[in-house]
Amino acid sequence: MSLDAVLSKLDADLDQAVTRLQEFLRIPSISTDPAYKSDVADAARWLVQDLSSIGVTATAHQTPGHPMVVGHGGDSGRSLLFYGHYDVQPIDPLELWDRDPFDPVVEDGPNGKVIRGRGTADDKGQLMTFVEACRAWKAVHGTLPARQTFLFEGEEESGSPSLVPFLEQNRDLLSADLGLICDTGLYDPQTPAITTMLRGLLGEEVTIEGPSKDLHSGAFGGPAMNPIRVLAKVLAGLHDAQGRVTVPGFYDDVEEISDEVARQWDALDFDAESFLGAVGLSHPAGEADRSALQQIWARPTCEVNGIKGGYAGAGFKTVLPSRASAKISFRLVAAQDPLKIREAFRAMVRDAMPPDCTVSFHDHGAAPASRMDISDPAFEAARQALSAEWPKPAAYVGAGGSIPVAGHMQKILGIDSMLIGFGRSDDQIHSPNEKYDMDSFHRGMRSWARILAAIA
């Protein structure tokens, strides 16, 4: 099948694609606010109608929350499951927007045309790059490439409470060989990326208790054990002088990146000095023998996110507190088991308790990391296809944060996913004046057409 004809069709119909996107963006599908429940349902219906217009059999499946839109199209080739979400973040604070967030407009940006409005980059604009690629393919060839399943979620911005039950209850409906997810971004404006590693997350809250009540430091300072002192020692001991985490067994299941991926990352010329300089820092503080990029994408971390104890108000109060607490998060990679890390951490803290102090724990969630098997030839075919569209070659990259749906698709549906998106670091997702570059929208459509041609 001719790819050139599909690309030409996408170029010729760009204005119509923008018009469709603007229509979609005008629907205020804010999932977290019950006041917008009917609008979220309207967005689901809009997607069903749009998918139907390109020959996809689509249905809005009801859930305890917002609908899941599922569609099927194509009758030959590899089976692909494409995921995106159609709900958006709230628009507050409204006074910081330059225009109505749900009246999207194409305007001049510092680096070219952009479309501005809530949901442009996260995730309606990204979602539609794939739909438009399929629309052009259908118009040119009369059918869709591959056997395609579309899954569009309406609760991603409100914690995805219905996603796991829906995946578990509809394994057959969503069966596929490979997942495609469009909720990520470019490495830089000229370099596309396929995200293949997502770090997991473990959250722990530690509370240390000592005396039965707060004490006067003049009367009890010295002989009375201070829980803040104990907590500070525990927290200071979580890292060694080289920046490594000291929790026993923490690195047992950490895997090294391949030589090929290491070469790709080196070619990205990541500037740690500029990265840190943008936030007023200058020296990487993680593992001393690892690059800053590896620390963000491929290495596990332990960070203290908050400390509480004693008196921290205005003025001064000479008190020995009866308790002190801290919130600690672990970003995990590869095969690390968050529950194993939790038990090792808790045992380490318990062992550090002196006489007269007790410790309790409160968990704040545990999710494993996701790592995709790039030995599947489809990954390299997609990387080459992306490289053909953009000025610089595509790279396999990691992500410091988490995209839970990728892990759910691995665990529940048994498939790896290619995470490919065209957002940019200045898109202001979740913030006022969100935008999506027209170059990202246009090249994004063309990129998906190339990828489908390469892997279908």
# chains A, B, ... in the order shown; residues from 1 in each chain; ligands from 1

$ select_by_dssp --residues "region 103-170 of chain A" --states "strand (DSSP E or B)" --output "NGL selection string"
:A and (105-109 or 112-116 or 147-153)

$ write_last_selection --atoms "C-alpha atoms" --output "short mmCIF file (atom, residue, chain, number, x, y, z; two decimals), in the first residue's frame"
data_model
loop_
_atom_site.label_atom_id
_atom_site.label_comp_id
_atom_site.auth_asym_id
_atom_site.auth_seq_id
_atom_site.Cartn_x
_atom_site.Cartn_y
_atom_site.Cartn_z
CA VAL A 105 -7.87 29.11 18.38
CA VAL A 106 -4.83 28.78 16.12
CA GLU A 107 -2.42 31.62 16.83
CA ASP A 108 1.19 32.61 16.44
CA GLY A 109 3.62 31.24 19.02
CA GLY A 112 5.40 28.92 14.86
CA LYS A 113 1.66 28.35 14.89
CA VAL A 114 0.03 26.75 17.93
CA ILE A 115 -3.49 25.74 18.82
CA ARG A 116 -4.37 27.01 22.29
CA ARG A 147 -6.61 -4.93 12.98
CA GLN A 148 -7.17 -1.98 15.25
CA THR A 149 -8.82 -1.53 18.60
CA PHE A 150 -9.31 1.98 19.93
CA LEU A 151 -9.61 2.57 23.70
CA PHE A 152 -10.39 6.11 24.79
CA GLU A 153 -10.68 6.73 28.53
#

$ closest_residue --among "A:Ala312, A:Ala453, A:Met438, A:Ala262" --to "Ser291 (chain A)" --atoms "only C-alpha atoms"
A:Ala262

$ closest_residue --among "A:Asp289, A:Asp11, A:Asp122, A:Asp33" --to "Ala241 (chain A)" --atoms "only C-alpha atoms"
A:Asp289

$ residues_around --residues "Ser425 (chain A)" --least-positions-apart "4" --cutoff "10 Å" --atoms "only C-alpha atoms" --output "list in words"
Gly185, Leu186, Tyr187, Asp188, Pro189 and Ile429 of chain A

$ residues_around --residues "Ile208 (chain A)" --least-positions-apart "4" --cutoff "10 Å" --atoms "only C-alpha atoms" --output "mmCIF file with C-alpha atoms, in the first residue's frame"
data_model
loop_
_atom_site.group_PDB
_atom_site.id
_atom_site.type_symbol
_atom_site.label_atom_id
_atom_site.label_comp_id
_atom_site.auth_asym_id
_atom_site.auth_seq_id
_atom_site.Cartn_x
_atom_site.Cartn_y
_atom_site.Cartn_z
ATOM 1 C CA ASN A 226 13.839 13.742 70.893
ATOM 2 C CA PRO A 227 11.876 12.084 68.027
ATOM 3 C CA ILE A 228 13.066 14.757 65.567
ATOM 4 C CA VAL A 230 15.875 10.159 65.705
ATOM 5 C CA LEU A 231 13.998 10.941 62.489
ATOM 6 C CA GLY A 309 7.467 17.777 64.063
ATOM 7 C CA SER A 322 6.375 13.901 71.360
ATOM 8 C CA ARG A 323 6.366 12.822 67.724
ATOM 9 C CA ALA A 324 7.906 13.545 64.325
ATOM 10 C CA SER A 325 7.021 12.294 60.875
ATOM 11 C CA ALA A 326 8.239 12.313 57.288
ATOM 12 C CA VAL A 349 13.852 2.067 60.199
ATOM 13 C CA ARG A 350 12.702 -0.268 62.969
ATOM 14 C CA MET A 353 14.898 2.933 66.839
ATOM 15 C CA CYS A 357 10.979 5.428 70.694
ATOM 16 C CA THR A 358 8.444 3.556 68.583
ATOM 17 C CA VAL A 359 7.743 3.840 64.886
ATOM 18 C CA SER A 360 4.611 3.392 62.791
ATOM 19 C CA PHE A 361 4.095 3.455 59.046
#

$ closest_residue --among "A:Val304, A:Ala381, A:Ile451, A:Leu25" --to "Trp46 (chain A)" --atoms "only C-alpha atoms"
A:Leu25

$ atom_distance --atom1 "CA of Tyr436 (chain A)" --atom2 "CA of Arg424 (chain A)"
7.8 Å

$ residues_around --residues "Pro223 (chain A)" --least-positions-apart "6" --cutoff "12 Å" --atoms "only C-alpha atoms" --output "count of residues only"
7

$ closest_residue --among "A:Glu389, A:Glu273, A:Asp100, A:Asp183" --to "Lys124 (chain A)" --atoms "only C-alpha atoms"
A:Asp183

$ select_by_dssp --residues "region 90-328 of chain A" --states "alpha helix (DSSP H)" --output "ChimeraX atom specification"
/A:125-141,163-169,217-220,227-236,259-267,272-277,292-297

$ closest_residue --among "A:Ala224, A:Ala394, A:Ile328, A:Val88" --to "Ala267 (chain A)" --atoms "only C-alpha atoms"
A:Ala394

$ closest_residue --among "A:Thr246, A:Ser160, A:Ser375, A:Ser175" --to "Arg78 (chain A)" --atoms "only C-alpha atoms"
A:Ser175

$ residues_around --residues "Gly74 (chain A)" --least-positions-apart "2" --cutoff "10 Å" --atoms "only C-alpha atoms" --output "number ranges by chain"
A: 55-57, 72, 76-79, 138, 142-149

$ atom_distance --atom1 "CA of Asp177 (chain A)" --atom2 "CA of Pro64 (chain A)"
28.2 Å

$ atom_distance --atom1 "CA of Thr207 (chain A)" --atom2 "CA of Arg346 (chain A)"
11.4 Å

$ residues_around --residues "Phe102 (chain A)" --least-positions-apart "6" --cutoff "9 Å" --atoms "only C-alpha atoms" --output "PDB file with N, CA and C atoms, in the first residue's frame"
ATOM      1  N   GLN A  22     -10.779  21.355  16.794  1.00  0.00           N
ATOM      2  CA  GLN A  22     -11.390  22.478  17.507  1.00  0.00           C
ATOM      3  C   GLN A  22     -12.799  22.129  17.996  1.00  0.00           C
ATOM      4  N   LEU A  25     -12.339  20.002  21.022  1.00  0.00           N
ATOM      5  CA  LEU A  25     -11.812  20.764  22.150  1.00  0.00           C
ATOM      6  C   LEU A  25     -12.858  21.657  22.805  1.00  0.00           C
ATOM      7  N   ARG A  26     -13.885  22.015  22.068  1.00  0.00           N
ATOM      8  CA  ARG A  26     -14.923  22.888  22.636  1.00  0.00           C
ATOM      9  C   ARG A  26     -15.772  22.177  23.685  1.00  0.00           C
ATOM     10  N   ILE A  27     -15.700  20.862  23.735  1.00  0.00           N
ATOM     11  CA  ILE A  27     -16.477  20.111  24.725  1.00  0.00           C
ATOM     12  C   ILE A  27     -15.704  20.123  26.046  1.00  0.00           C
ATOM     13  N   PRO A  28     -16.248  20.715  27.106  1.00  0.00           N
ATOM     14  CA  PRO A  28     -15.510  20.856  28.372  1.00  0.00           C
ATOM     15  C   PRO A  28     -15.534  19.567  29.205  1.00  0.00           C
ATOM     16  N   GLY A 117      -5.776  26.028  24.011  1.00  0.00           N
ATOM     17  CA  GLY A 117      -7.018  25.694  24.676  1.00  0.00           C
ATOM     18  C   GLY A 117      -6.814  24.480  25.557  1.00  0.00           C
ATOM     19  N   ARG A 118      -7.733  24.263  26.503  1.00  0.00           N
ATOM     20  CA  ARG A 118      -7.602  23.124  27.401  1.00  0.00           C
ATOM     21  C   ARG A 118      -7.781  21.812  26.647  1.00  0.00           C
ATOM     22  N   GLY A 119      -6.826  20.909  26.835  1.00  0.00           N
ATOM     23  CA  GLY A 119      -6.866  19.601  26.195  1.00  0.00           C
ATOM     24  C   GLY A 119      -6.127  19.519  24.879  1.00  0.00           C
TER      25      GLY A 119
END
